[in-house]
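Novice: Handing over upload.cif, mmCIF, C-alpha atoms (C1' of nucleotides).
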data_structure
#
loop_
_atom_site.label_atom_id
_atom_site.label_comp_id
_atom_site.auth_asym_id
_atom_site.auth_seq_id
_atom_site.Cartn_x
_atom_site.Cartn_y
_atom_site.Cartn_z
CA MET A 1 -22.21 -5.95 -27.05
CA ILE A 2 -22.32 -3.95 -23.96
CA GLU A 3 -19.57 -5.80 -22.22
CA SER A 4 -18.63 -3.55 -19.40
CA ALA A 5 -16.59 -4.58 -16.39
CA ARG A 6 -13.12 -3.70 -17.45
CA PRO A 7 -10.71 -6.28 -16.09
CA PRO A 8 -8.96 -5.25 -12.93
CA SER A 9 -5.59 -3.66 -13.40
CA LYS A 10 -2.61 -5.94 -13.69
CA PHE A 11 -1.19 -4.21 -10.74
CA LEU A 12 -4.03 -5.27 -8.48
CA ALA A 13 -4.15 -8.68 -10.05
CA ALA A 14 -0.49 -9.08 -9.26
CA ILE A 15 -1.03 -8.19 -5.62
CA ALA A 16 -3.83 -10.68 -5.35
CA GLN A 17 -1.93 -13.44 -7.07
CA ILE A 18 1.20 -12.92 -5.09
CA GLN A 19 -0.87 -12.98 -1.97
CA GLU A 20 -2.48 -16.17 -3.13
CA MET A 21 0.87 -17.69 -3.94
CA ILE A 22 2.17 -16.84 -0.51
CA LYS A 23 -0.81 -18.55 1.00
CA THR A 24 -0.84 -21.71 -1.09
CA ASP A 25 2.89 -22.20 -1.00
CA ARG A 26 2.82 -21.65 2.71
CA PHE A 27 5.62 -19.17 2.80
CA GLN A 28 6.77 -18.35 6.27
CA SER A 29 8.02 -15.11 7.65
CA GLY A 30 11.56 -14.68 6.48
CA ASP A 31 11.22 -16.97 3.48
CA LYS A 32 12.46 -15.87 0.13
CA ILE A 33 9.77 -15.47 -2.45
CA PRO A 34 10.34 -15.89 -6.18
CA SER A 35 12.30 -13.24 -7.97
CA GLU A 36 10.63 -10.43 -9.86
CA ARG A 37 11.49 -12.04 -13.16
CA GLU A 38 10.11 -15.39 -12.13
CA LEU A 39 6.93 -13.83 -10.79
CA SER A 40 6.60 -11.98 -14.04
CA ASP A 41 6.86 -15.26 -15.90
CA ARG A 42 4.61 -17.32 -13.68
CA LEU A 43 1.89 -14.71 -13.52
CA SER A 44 2.27 -13.63 -17.14
CA ILE A 45 2.47 -10.05 -16.02
CA GLY A 46 5.12 -7.61 -17.04
CA ARG A 47 7.93 -7.09 -14.64
CA SER A 48 7.07 -3.45 -14.15
CA SER A 49 3.60 -4.32 -12.99
CA VAL A 50 4.98 -6.98 -10.72
CA ARG A 51 7.35 -4.42 -9.31
CA GLU A 52 4.54 -2.01 -8.62
CA ALA A 53 2.73 -4.74 -6.75
CA LEU A 54 5.82 -5.60 -4.77
CA ARG A 55 6.31 -1.95 -3.95
CA ALA A 56 2.85 -1.81 -2.52
CA LEU A 57 3.47 -4.88 -0.43
CA GLU A 58 6.76 -3.44 0.71
CA LEU A 59 5.10 -0.22 1.65
CA LEU A 60 2.72 -2.18 3.80
CA GLY A 61 5.66 -3.86 5.39
CA LEU A 62 4.68 -7.29 4.21
CA ILE A 63 7.82 -7.98 2.26
CA GLU A 64 11.36 -6.75 2.28
CA THR A 65 13.56 -6.42 -0.75
CA ARG A 66 17.30 -6.68 -0.66
CA ARG A 67 19.25 -5.77 -3.75
CA GLY A 68 21.35 -8.58 -4.99
CA GLU A 69 19.64 -11.06 -2.74
CA GLY A 70 15.94 -11.16 -3.32
CA THR A 71 12.57 -10.50 -1.81
CA PHE A 72 11.62 -11.85 1.54
CA LEU A 73 8.45 -12.27 3.47
CA ARG A 74 8.39 -10.24 6.56
CA ASP A 75 6.67 -10.13 9.85
CA PHE A 76 4.15 -7.44 10.38
CA LYS A 77 6.24 -5.62 12.81
CA ASP A 78 8.31 -2.93 11.33
CA HIS A 79 6.53 -1.52 8.39
CA GLN A 80 7.88 1.77 7.26
CA LEU A 81 4.55 2.93 6.11
CA VAL A 82 4.24 5.14 9.09
CA PRO A 83 6.87 7.82 8.59
CA LEU A 84 5.62 8.19 5.08
CA ILE A 85 1.99 8.54 5.72
CA GLY A 86 2.63 10.54 8.82
CA THR A 87 3.82 13.56 6.96
CA PHE A 88 0.56 13.70 5.11
CA ILE A 89 -2.15 12.43 7.33
CA PHE A 90 -1.11 13.78 10.63
CA ASP A 91 -1.12 17.45 9.95
CA GLY A 92 -4.78 17.46 10.72
CA ASP A 93 -5.42 17.02 14.38
CA GLN A 94 -8.67 15.22 13.93
CA ASN A 95 -7.04 12.10 12.64
CA LYS A 96 -4.48 12.02 15.37
CA GLU A 97 -7.24 12.04 17.89
CA ASP A 98 -8.88 9.21 16.08
CA VAL A 99 -5.77 7.12 16.07
CA ARG A 100 -5.13 7.68 19.73
CA ASP A 101 -8.65 6.77 20.58
CA VAL A 102 -8.54 3.57 18.62
CA LYS A 103 -5.26 2.68 20.22
CA ALA A 104 -6.75 3.23 23.64
CA ILE A 105 -9.77 1.17 22.67
CA LEU A 106 -7.60 -1.75 21.71
CA GLU A 107 -5.69 -1.50 24.94
CA LEU A 108 -8.86 -1.31 26.93
CA GLY A 109 -10.05 -4.41 25.14
CA CYS A 110 -6.80 -6.11 25.83
CA LEU A 111 -7.14 -5.43 29.51
CA ALA A 112 -10.67 -6.70 29.42
CA ILE A 113 -9.56 -9.93 27.85
CA LEU A 114 -6.84 -10.38 30.40
CA SER A 115 -9.24 -9.62 33.17
CA ARG A 116 -11.64 -12.18 31.80
CA LYS A 117 -9.01 -14.85 32.09
CA SER A 118 -9.43 -16.14 35.56
CA GLY A 119 -6.33 -15.98 37.58
CA PHE A 120 -4.63 -13.34 35.61
CA ASP A 121 -2.70 -10.97 37.78
CA PHE A 122 -2.10 -7.52 36.44
CA ASN A 123 0.81 -7.07 38.74
CA GLU A 124 2.58 -9.91 37.06
CA ALA A 125 2.22 -8.35 33.69
CA GLY A 126 5.05 -6.32 32.35
CA ASP A 127 4.69 -2.62 32.29
CA SER A 128 4.90 -2.32 28.53
CA PHE A 129 1.73 -2.87 26.67
CA GLN A 130 3.62 -4.98 24.21
CA GLN A 131 3.78 -7.72 26.81
CA GLN A 132 0.16 -7.41 27.76
CA ILE A 133 -0.85 -7.68 24.17
CA GLU A 134 1.18 -10.84 23.94
CA ALA A 135 -0.46 -12.16 27.06
CA ALA A 136 -3.88 -11.58 25.63
CA ASP A 137 -2.96 -14.19 23.03
CA ASN A 138 -5.02 -12.81 20.22
CA ARG A 139 -3.01 -12.46 17.08
CA LEU A 140 -5.48 -10.29 15.29
CA LEU A 141 -5.63 -7.89 18.16
CA LYS A 142 -1.88 -7.79 18.28
CA ASN A 143 -1.52 -7.11 14.58
CA ILE A 144 -3.92 -4.24 14.62
CA TRP A 145 -2.51 -2.80 17.77
CA MET A 146 0.99 -2.79 16.41
CA ILE A 147 -0.04 -0.99 13.29
CA ILE A 148 -2.02 1.58 15.18
CA SER A 149 0.74 2.05 17.68
CA ASP A 150 3.10 2.92 14.91
CA TYR A 151 0.75 5.55 13.67
CA ALA A 152 0.09 6.93 17.07
CA GLY A 153 3.76 7.28 17.74
CA SER A 154 5.37 6.61 21.07
CA ASP A 155 3.20 8.85 23.09
CA THR A 156 2.41 7.81 26.57
CA GLY A 157 -1.24 8.63 26.48
CA ASN A 158 -2.41 6.65 29.45
CA GLU A 159 -4.87 9.28 30.36
CA ARG A 160 -6.90 8.46 27.31
CA LEU A 161 -7.07 4.84 28.23
CA GLU A 162 -8.13 5.60 31.74
CA GLU A 163 -10.70 7.98 30.46
CA LEU A 164 -12.17 5.30 28.24
CA LEU A 165 -12.05 2.78 31.00
CA ALA A 166 -13.94 5.09 33.28
CA ALA A 167 -16.50 5.65 30.56
CA ALA A 168 -16.82 1.94 29.98
CA LYS A 169 -17.59 1.34 33.60
CA GLN A 170 -20.60 3.53 33.36
CA ILE A 171 -22.13 1.82 30.42
CA ASN A 172 -25.16 -0.19 31.16
CA TYR A 173 -25.25 -2.08 27.98
CA SER A 174 -27.89 -4.67 28.62
CA GLU A 175 -30.32 -1.93 29.42
CA ARG A 176 -30.43 -1.06 25.78
CA GLN A 177 -31.66 -4.42 24.63
CA MET B 1 37.32 7.73 -0.89
CA ILE B 2 35.16 6.09 1.66
CA GLU B 3 32.00 7.77 0.59
CA SER B 4 29.35 5.58 2.01
CA ALA B 5 25.73 6.63 2.30
CA ARG B 6 24.37 5.22 -0.88
CA PRO B 7 21.94 7.69 -2.34
CA PRO B 8 18.34 6.98 -1.52
CA SER B 9 16.44 5.06 -4.12
CA LYS B 10 14.94 7.00 -6.97
CA PHE B 11 11.64 5.72 -5.89
CA LEU B 12 11.86 7.38 -2.50
CA ALA B 13 13.41 10.48 -3.98
CA ALA B 14 10.48 10.72 -6.34
CA ILE B 15 8.00 10.51 -3.50
CA ALA B 16 9.80 13.21 -1.60
CA GLN B 17 10.07 15.49 -4.58
CA ILE B 18 6.50 15.05 -5.63
CA GLN B 19 5.47 15.76 -2.10
CA GLU B 20 7.64 18.87 -2.14
CA MET B 21 6.20 19.96 -5.42
CA ILE B 22 2.69 19.61 -4.12
CA LYS B 23 3.60 21.74 -1.19
CA THR B 24 5.45 24.51 -3.01
CA ASP B 25 3.00 24.74 -5.86
CA ARG B 26 0.20 24.83 -3.38
CA PHE B 27 -1.88 22.21 -5.06
CA GLN B 28 -5.32 21.91 -3.63
CA SER B 29 -7.40 18.85 -3.12
CA GLY B 30 -8.86 17.95 -6.48
CA ASP B 31 -6.19 19.68 -8.51
CA LYS B 32 -4.53 17.94 -11.38
CA ILE B 33 -0.85 17.33 -10.89
CA PRO B 34 1.63 17.06 -13.76
CA SER B 35 1.52 13.97 -15.92
CA GLU B 36 3.81 11.05 -15.35
CA ARG B 37 5.88 11.99 -18.35
CA GLU B 38 6.25 15.57 -17.25
CA LEU B 39 7.19 14.54 -13.74
CA SER B 40 9.72 12.19 -15.21
CA ASP B 41 11.21 15.09 -17.14
CA ARG B 42 11.14 17.66 -14.39
CA LEU B 43 12.58 15.36 -11.78
CA SER B 44 15.00 13.66 -14.15
CA ILE B 45 13.76 10.31 -13.00
CA GLY B 46 12.63 7.52 -15.24
CA ARG B 47 8.93 7.18 -15.73
CA SER B 48 8.87 3.75 -14.15
CA SER B 49 10.29 5.12 -10.93
CA VAL B 50 7.87 7.99 -11.01
CA ARG B 51 5.08 5.53 -11.46
CA GLU B 52 6.19 3.50 -8.49
CA ALA B 53 6.16 6.65 -6.41
CA LEU B 54 2.71 7.58 -7.64
CA ARG B 55 1.50 4.09 -6.87
CA ALA B 56 2.65 4.47 -3.34
CA LEU B 57 0.90 7.78 -2.99
CA GLU B 58 -2.20 6.30 -4.52
CA LEU B 59 -2.09 3.40 -2.15
CA LEU B 60 -2.02 5.86 0.68
CA GLY B 61 -5.02 7.54 -0.82
CA LEU B 62 -3.21 10.80 -1.36
CA ILE B 63 -3.73 10.93 -5.08
CA GLU B 64 -6.15 9.47 -7.53
CA THR B 65 -5.31 8.43 -11.07
CA ARG B 66 -7.80 8.42 -13.90
CA ARG B 67 -6.78 6.81 -17.14
CA GLY B 68 -6.95 9.18 -20.02
CA GLU B 69 -7.36 12.15 -17.75
CA GLY B 70 -4.52 12.45 -15.34
CA THR B 71 -3.52 12.32 -11.73
CA PHE B 72 -5.36 14.32 -9.14
CA LEU B 73 -4.73 15.32 -5.61
CA ARG B 74 -7.19 13.90 -3.23
CA ASP B 75 -8.59 14.63 0.11
CA PHE B 76 -6.57 12.53 2.47
CA LYS B 77 -9.46 11.87 4.65
CA ASP B 78 -10.81 8.78 3.03
CA HIS B 79 -7.66 6.87 2.67
CA GLN B 80 -8.27 3.37 1.60
CA LEU B 81 -5.27 2.20 3.44
CA VAL B 82 -7.30 0.40 5.99
CA PRO B 83 -9.31 -1.83 3.70
CA LEU B 84 -6.11 -2.83 2.01
CA ILE B 85 -4.36 -3.68 5.18
CA GLY B 86 -7.39 -5.59 6.20
CA THR B 87 -6.88 -8.24 3.63
CA PHE B 88 -3.49 -8.92 5.08
CA ILE B 89 -4.07 -8.64 8.76
CA PHE B 90 -5.94 -11.87 8.67
CA ASP B 91 -3.50 -14.61 8.11
CA GLY B 92 -5.95 -17.16 6.93
CA ASP B 93 -6.55 -19.63 9.68
CA GLN B 94 -7.23 -16.83 12.03
CA ASN B 95 -9.09 -18.03 14.99
CA LYS B 96 -12.72 -17.10 14.74
CA GLU B 97 -12.72 -16.45 18.41
CA ASP B 98 -10.06 -13.86 17.88
CA VAL B 99 -12.08 -12.06 15.28
CA ARG B 100 -15.16 -12.01 17.42
CA ASP B 101 -13.22 -10.75 20.36
CA VAL B 102 -11.69 -7.91 18.45
CA LYS B 103 -15.05 -6.98 17.07
CA ALA B 104 -16.46 -6.90 20.55
CA ILE B 105 -13.51 -4.84 21.70
CA LEU B 106 -14.15 -2.25 19.05
CA GLU B 107 -17.79 -2.11 19.95
CA LEU B 108 -16.99 -1.78 23.59
CA GLY B 109 -14.68 1.06 22.73
CA CYS B 110 -17.33 2.65 20.61
CA LEU B 111 -19.74 2.57 23.50
CA ALA B 112 -17.12 4.04 25.76
CA ILE B 113 -16.55 6.90 23.37
CA LEU B 114 -20.24 7.58 23.14
CA SER B 115 -20.57 7.40 26.86
CA ARG B 116 -17.74 9.87 27.22
CA LYS B 117 -19.62 12.37 25.17
CA SER B 118 -21.71 14.20 27.65
CA GLY B 119 -25.34 14.18 26.89
CA PHE B 120 -25.33 11.11 24.75
CA ASP B 121 -28.36 9.01 25.28
CA PHE B 122 -28.07 5.35 24.47
CA ASN B 123 -31.79 5.04 24.10
CA GLU B 124 -31.70 7.48 21.27
CA ALA B 125 -29.15 5.49 19.40
CA GLY B 126 -30.28 3.15 16.71
CA ASP B 127 -30.25 -0.50 17.48
CA SER B 128 -27.75 -1.40 14.81
CA PHE B 129 -24.16 -0.95 15.68
CA GLN B 130 -23.61 0.64 12.33
CA GLN B 131 -25.37 3.73 13.58
CA GLN B 132 -23.49 3.81 16.83
CA ILE B 133 -20.22 3.57 15.04
CA GLU B 134 -21.27 6.50 12.94
CA ALA B 135 -22.22 8.42 16.04
CA ALA B 136 -18.81 7.84 17.53
CA ASP B 137 -17.47 9.91 14.66
CA ASN B 138 -14.12 8.23 14.37
CA ARG B 139 -13.36 7.22 10.84
CA LEU B 140 -10.51 4.93 11.67
CA LEU B 141 -12.59 3.07 14.18
CA LYS B 142 -15.38 2.75 11.68
CA ASN B 143 -13.10 1.43 8.96
CA ILE B 144 -11.57 -1.21 11.15
CA TRP B 145 -14.89 -2.23 12.58
CA MET B 146 -16.38 -2.67 9.16
CA ILE B 147 -13.55 -4.87 8.04
CA ILE B 148 -13.75 -6.98 11.12
CA SER B 149 -17.49 -7.22 10.84
CA ASP B 150 -17.15 -8.59 7.38
CA TYR B 151 -14.94 -11.36 8.59
CA ALA B 152 -16.92 -12.04 11.68
CA GLY B 153 -20.04 -12.53 9.63
CA SER B 154 -23.44 -11.41 10.70
CA ASP B 155 -23.41 -13.17 13.99
CA THR B 156 -25.36 -11.83 16.84
CA GLY B 157 -22.67 -12.19 19.42
CA ASN B 158 -23.87 -9.76 22.00
CA GLU B 159 -22.92 -12.05 24.78
CA ARG B 160 -19.30 -11.57 24.00
CA LEU B 161 -19.60 -7.85 24.19
CA GLU B 162 -21.37 -8.00 27.49
CA GLU B 163 -18.78 -10.38 28.76
CA LEU B 164 -16.03 -7.96 27.86
CA LEU B 165 -17.91 -5.07 29.30
CA ALA B 166 -18.31 -6.88 32.58
CA ALA B 167 -14.63 -7.67 32.57
CA ALA B 168 -13.78 -4.07 31.81
CA LYS B 169 -15.74 -2.89 34.78
CA GLN B 170 -13.56 -4.91 37.06
CA ILE B 171 -10.30 -3.55 35.83
CA ASN B 172 -8.55 -1.27 38.19
CA TYR B 173 -6.15 0.11 35.72
CA SER B 174 -4.61 2.96 37.66
CA GLU B 175 -3.58 0.46 40.28
CA ARG B 176 -0.99 -0.82 37.93
CA GLN B 177 0.81 2.44 37.52
"C1'" DT C 1 44.89 -23.55 3.17
"C1'" DG C 2 43.46 -19.10 2.14
"C1'" DA C 3 42.88 -15.09 -0.66
"C1'" DA C 4 41.53 -13.32 -5.10
"C1'" DT C 5 38.67 -13.84 -9.19
"C1'" DT C 6 34.82 -14.96 -11.78
"C1'" DG C 7 30.00 -16.16 -12.72
"C1'" DT C 8 25.33 -16.06 -11.80
"C1'" DG C 9 21.26 -14.30 -9.99
"C1'" DT C 10 18.98 -10.50 -7.91
"C1'" DG C 11 16.76 -5.93 -7.30
"C1'" DG C 12 17.06 -0.87 -9.33
"C1'" DT C 13 16.52 2.00 -13.16
"C1'" DC C 14 15.86 3.78 -17.77
"C1'" DT C 15 14.00 3.82 -22.39
"C1'" DG C 16 10.96 3.25 -26.07
"C1'" DA C 17 7.09 1.28 -27.66
"C1'" DC C 18 2.30 0.10 -27.78
"C1'" DC C 19 -2.64 0.08 -25.96
"C1'" DA C 20 -7.07 2.06 -23.99
"C1'" DC C 21 -9.16 5.85 -22.64
"C1'" DT C 22 -10.80 10.92 -22.20
"C1'" DC C 23 -11.49 15.17 -23.90
"C1'" DG C 24 -11.83 18.98 -26.90
"C1'" DG C 25 -11.75 20.93 -31.44
"C1'" DG C 26 -12.97 20.63 -35.97
"C1'" DT C 27 -16.00 19.13 -39.70
"C1'" DG C 28 -19.98 18.40 -41.96
"C1'" DA C 29 -25.08 17.73 -42.43
"C1'" DC C 30 -29.32 19.70 -41.24
"C1'" DG D 1 -26.77 28.52 -35.98
"C1'" DT D 2 -27.02 23.87 -34.06
"C1'" DC D 3 -26.00 19.42 -33.36
"C1'" DA D 4 -23.93 14.91 -34.10
"C1'" DC D 5 -19.90 12.83 -35.50
"C1'" DC D 6 -15.01 12.02 -36.07
"C1'" DC D 7 -10.35 12.48 -35.16
"C1'" DG D 8 -6.11 13.78 -32.92
"C1'" DA D 9 -3.50 15.01 -28.80
"C1'" DG D 10 -2.62 13.94 -24.20
"C1'" DT D 11 -2.81 10.66 -20.41
"C1'" DG D 12 -2.39 6.56 -17.58
"C1'" DG D 13 -1.51 1.21 -18.16
"C1'" DT D 14 1.49 -2.21 -19.67
"C1'" DC D 15 5.25 -4.55 -21.72
"C1'" DA D 16 9.95 -5.91 -23.25
"C1'" DG D 17 14.65 -5.22 -23.29
"C1'" DA D 18 18.61 -3.31 -21.79
"C1'" DC D 19 21.95 -1.81 -18.46
"C1'" DC D 20 23.76 -1.07 -13.63
"C1'" DA D 21 24.98 -2.21 -8.68
"C1'" DC D 22 25.16 -5.57 -5.61
"C1'" DA D 23 25.48 -10.22 -2.96
"C1'" DC D 24 26.85 -14.66 -2.90
"C1'" DA D 25 28.90 -18.99 -4.12
"C1'" DA D 26 31.96 -21.48 -6.95
"C1'" DT D 27 36.26 -21.45 -8.95
"C1'" DT D 28 40.97 -20.46 -9.47
"C1'" DC D 29 45.50 -19.65 -8.12
"C1'" DA D 30 49.36 -18.56 -5.06
#
Could you render the structure as structure tokens?
Specialist:
Amino acid sequence: MIESARPPSKFLAAIAQIQEMIKTDRFQSGDKIPSERELSDRLSIGRSSVREALRALELLGLIETRRGEGTFLRDFKDHQLVPLIGTFIFDGDQNKEDVRDVKAILELGCLAILSRKSGFDFNEAGDSFQQQIEAADNRLLKNIWMIISDYAGSDTGNERLEELLAAAKQINYSERQ
Amino acid sequence: MIESARPPSKFLAAIAQIQEMIKTDRFQSGDKIPSERELSDRLSIGRSSVREALRALELLGLIETRRGEGTFLRDFKDHQLVPLIGTFIFDGDQNKEDVRDVKAILELGCLAILSRKSGFDFNEAGDSFQQQIEAADNRLLKNIWMIISDYAGSDTGNERLEELLAAAKQINYSERQ
DNA sequence: TGAATTGTGTGGTCTGACCACTCGGGTGAC
DNA sequence: GTCACCCGAGTGGTCAGACCACACAATTCA
């Protein structure tokens, strides 16, 4: 018997199953999810592995644990991943540039979407990008932007956006086809 | 005694101390770091807490664990954070329109970056976006784009990009400031 | 009625025990 | 000497059980 393909680690299995559970049981943001012990029972996975999975989810800001109370589903917003990863990732400048660029790209795209909507008036829009992202009404875009923004920190960095915008205006895309 | 300020969780303490240890001992990328049991001893923290800390670091792509061998420091560059987040960013019934839009936004941004680079010739670029993303030389952008592309499927969808591009050209961003 | 107490359930942590795996050193046959 | 084999030590992976600290609700009692 060759029989390769070692089963995936319990840890990963737990993440997947918890994710699945959240989806099928239609948990909403703020809802309490089953306790560690119950998850351990229901998934037939040791509590320590369940805990490791929950830690991962917490790190990603998807859940919040409160001692004595329980574990709760959370909105994407404030994940504390950033300060942690920041100390490692952001000592190289290259990555910081990357993050800022991607952030600017998303904002450029957001503006483009807003501009596409007939009748949208930029002067009406708030001055914080947060509001413009909301106005764009694209949840995926918003999610990604929020994550990236956290990484990028609260820099102003409008110059980068303008730079990209200027570059975009010079693209003659259809020419390439 | 008032004495508030509950001590930080062992889990976080472990992360900090491991991080510190890596720094002071000048571990290099690829080096083997002490075993879980030894860390548990040296830090006077239970192995389970040490493991949770290591999991977090692994999740961030900062270390790599190999069963039977040990735990190794890793080059932070390829952190698999993004693919992991990707599975969560999409909350299931995500509007397909949204996904396509974001994909187009990223591609628009990619073009803008390429266009910004003086001397870049679009005609030289390959016809697949894969190659253009590579040329943009922004790992974060590439990661996100690949995830999105997976979800968006292999649609053609150039019209959406052109649409956005046209919209972008009409933005007078600085006017807003 | 209102304050104090108790009970129950939760996350947080530690410990000891296995398992599965890798690697290197020894052992023996050739 | 050389090579294949085996075995033991070390490592991460997992589990079960035991406490602790805490939050909250029910209960008790003044």
Novice: For DC30 of chain C, list every protein, DNA or RNA residue within 10 Å, evaluated using all atoms listed in the file, and leave out those in the same chain fewer than 2 positions away; present the list as a PDB file with C-alpha atoms (C1' of nucleotides), keeping the file's coordinate frame.
Specialist:
ATOM      1  C1'  DG C  28     -19.980  18.400 -41.960  1.00  0.00           C
TER       2       DG C  28
ATOM      3  C1'  DT D   2     -27.020  23.870 -34.060  1.00  0.00           C
ATOM      4  C1'  DC D   3     -26.000  19.420 -33.360  1.00  0.00           C
TER       5       DC D   3
END
Novice: So, with only C-alpha atoms (C1' of nucleotides) as the atoms that count, which of C:DG9, C:DA3, C:DT27, C:DT22 lies closest to Gly70 of chain B?
Specialist: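 Going through C:DG9, C:DA3, C:DT27, C:DT22 one by one, the smallest distance to Gly70 of chain B is for C:DT22.
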Novice: Could you list, as a PyMOL selection string, every residue of chain C that has an atom within 12 Å of an atom of chain B, counting all atoms listed in the file?
Specialist: chain C and resi 11-16+19-23
Novice: Define the interface residues of chain B facing chain A as those within 6 Å, counting all atoms listed in the file, and report them as a VMD selection string.
Specialist: chain B and resid 52 98 105 109 112 115 to 116 138 164 167 to 169
Novice: Can you turn the PyMOL selection byres ((chain C and resi 1) around 12) into a concrete residue list for this file, as a PyMOL selection string?
Specialist: (chain C and resi 2-3) or (chain D and resi 29-30)
Novice: Choose the residue, out of B:Thr24, B:Ser128, B:Ser44, B:Thr71, that has the smallest atom-to-atom separation from chain D; count all atoms listed in the file.
Specialist: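 Of B:Thr24, B:Ser128, B:Ser44, B:Thr71, the one nearest chain D, counting all atoms listed in the file, is B:Thr71.
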Novice: For a quick check of understanding, using all atoms listed in the file, which of B:Ser40, B:Ser35, B:Ser149, B:Gln131 has the smallest distance to chain D?
Specialist: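 Going through B:Ser40, B:Ser35, B:Ser149, B:Gln131 one by one, the smallest distance to chain D is for B:Ser35.
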Novice: Around all the atoms of segment 37-56 of chain A listed in the file, draw an axis-aligned box and extend it by 8 Å on each of the six sides; I want its centre and edge lengths in Å to one decimal, as AutoDock Vina command-line options.
Specialist:
--center_x 6.7 --center_y -9.6 --center_z -9.8 --size_x 25.6 --size_y 31.5 --size_z 30.6
Novice: Could you list, with a cut-off of 8 Å and counting all atoms listed in the file, the residues of chain D near chain A, each shown with its nearest atom pair and the distance in Å rounded to one decimal, rows sorted by chain and ascending number, as JSON lines?
Specialist:
{"residue": "D:DG13", "atom": "C1'", "partner": "A:Ser9", "partner_atom": "CA", "distance": 7.9}
{"residue": "D:DT14", "atom": "C1'", "partner": "A:Gly46", "partner_atom": "CA", "distance": 7.0}
{"residue": "D:DC15", "atom": "C1'", "partner": "A:Gly46", "partner_atom": "CA", "distance": 5.6}
{"residue": "D:DC22", "atom": "C1'", "partner": "A:Gly68", "partner_atom": "CA", "distance": 4.9}
{"residue": "D:DA23", "atom": "C1'", "partner": "A:Gly68", "partner_atom": "CA", "distance": 4.9}
Novice: Could you tell me how far atom C1' of DG25 of chain C lies from atom CA of Arg37 of chain B, in Å and to one decimal?
Specialist: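 Atom-to-atom, atom C1' of DG25 of chain C and atom CA of Arg37 of chain B are spaced 23.7 Å apart.
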Novice: What is the distance, in Å and to one decimal place, between atom CA of Ala14 of chain B and atom CA of Glu36 of chain B?
Specialist: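 Pair atom CA of Ala14 of chain B / atom CA of Glu36 of chain B returns 11.2 Å.
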Novice: At what distance in Å, to one decimal, does atom CA of Asp31 of chain B lie from atom CA of Ile15 of chain B?
Specialist: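 Atom-to-atom, atom CA of Ile15 of chain B and atom CA of Asp31 of chain B are spaced 17.6 Å apart.
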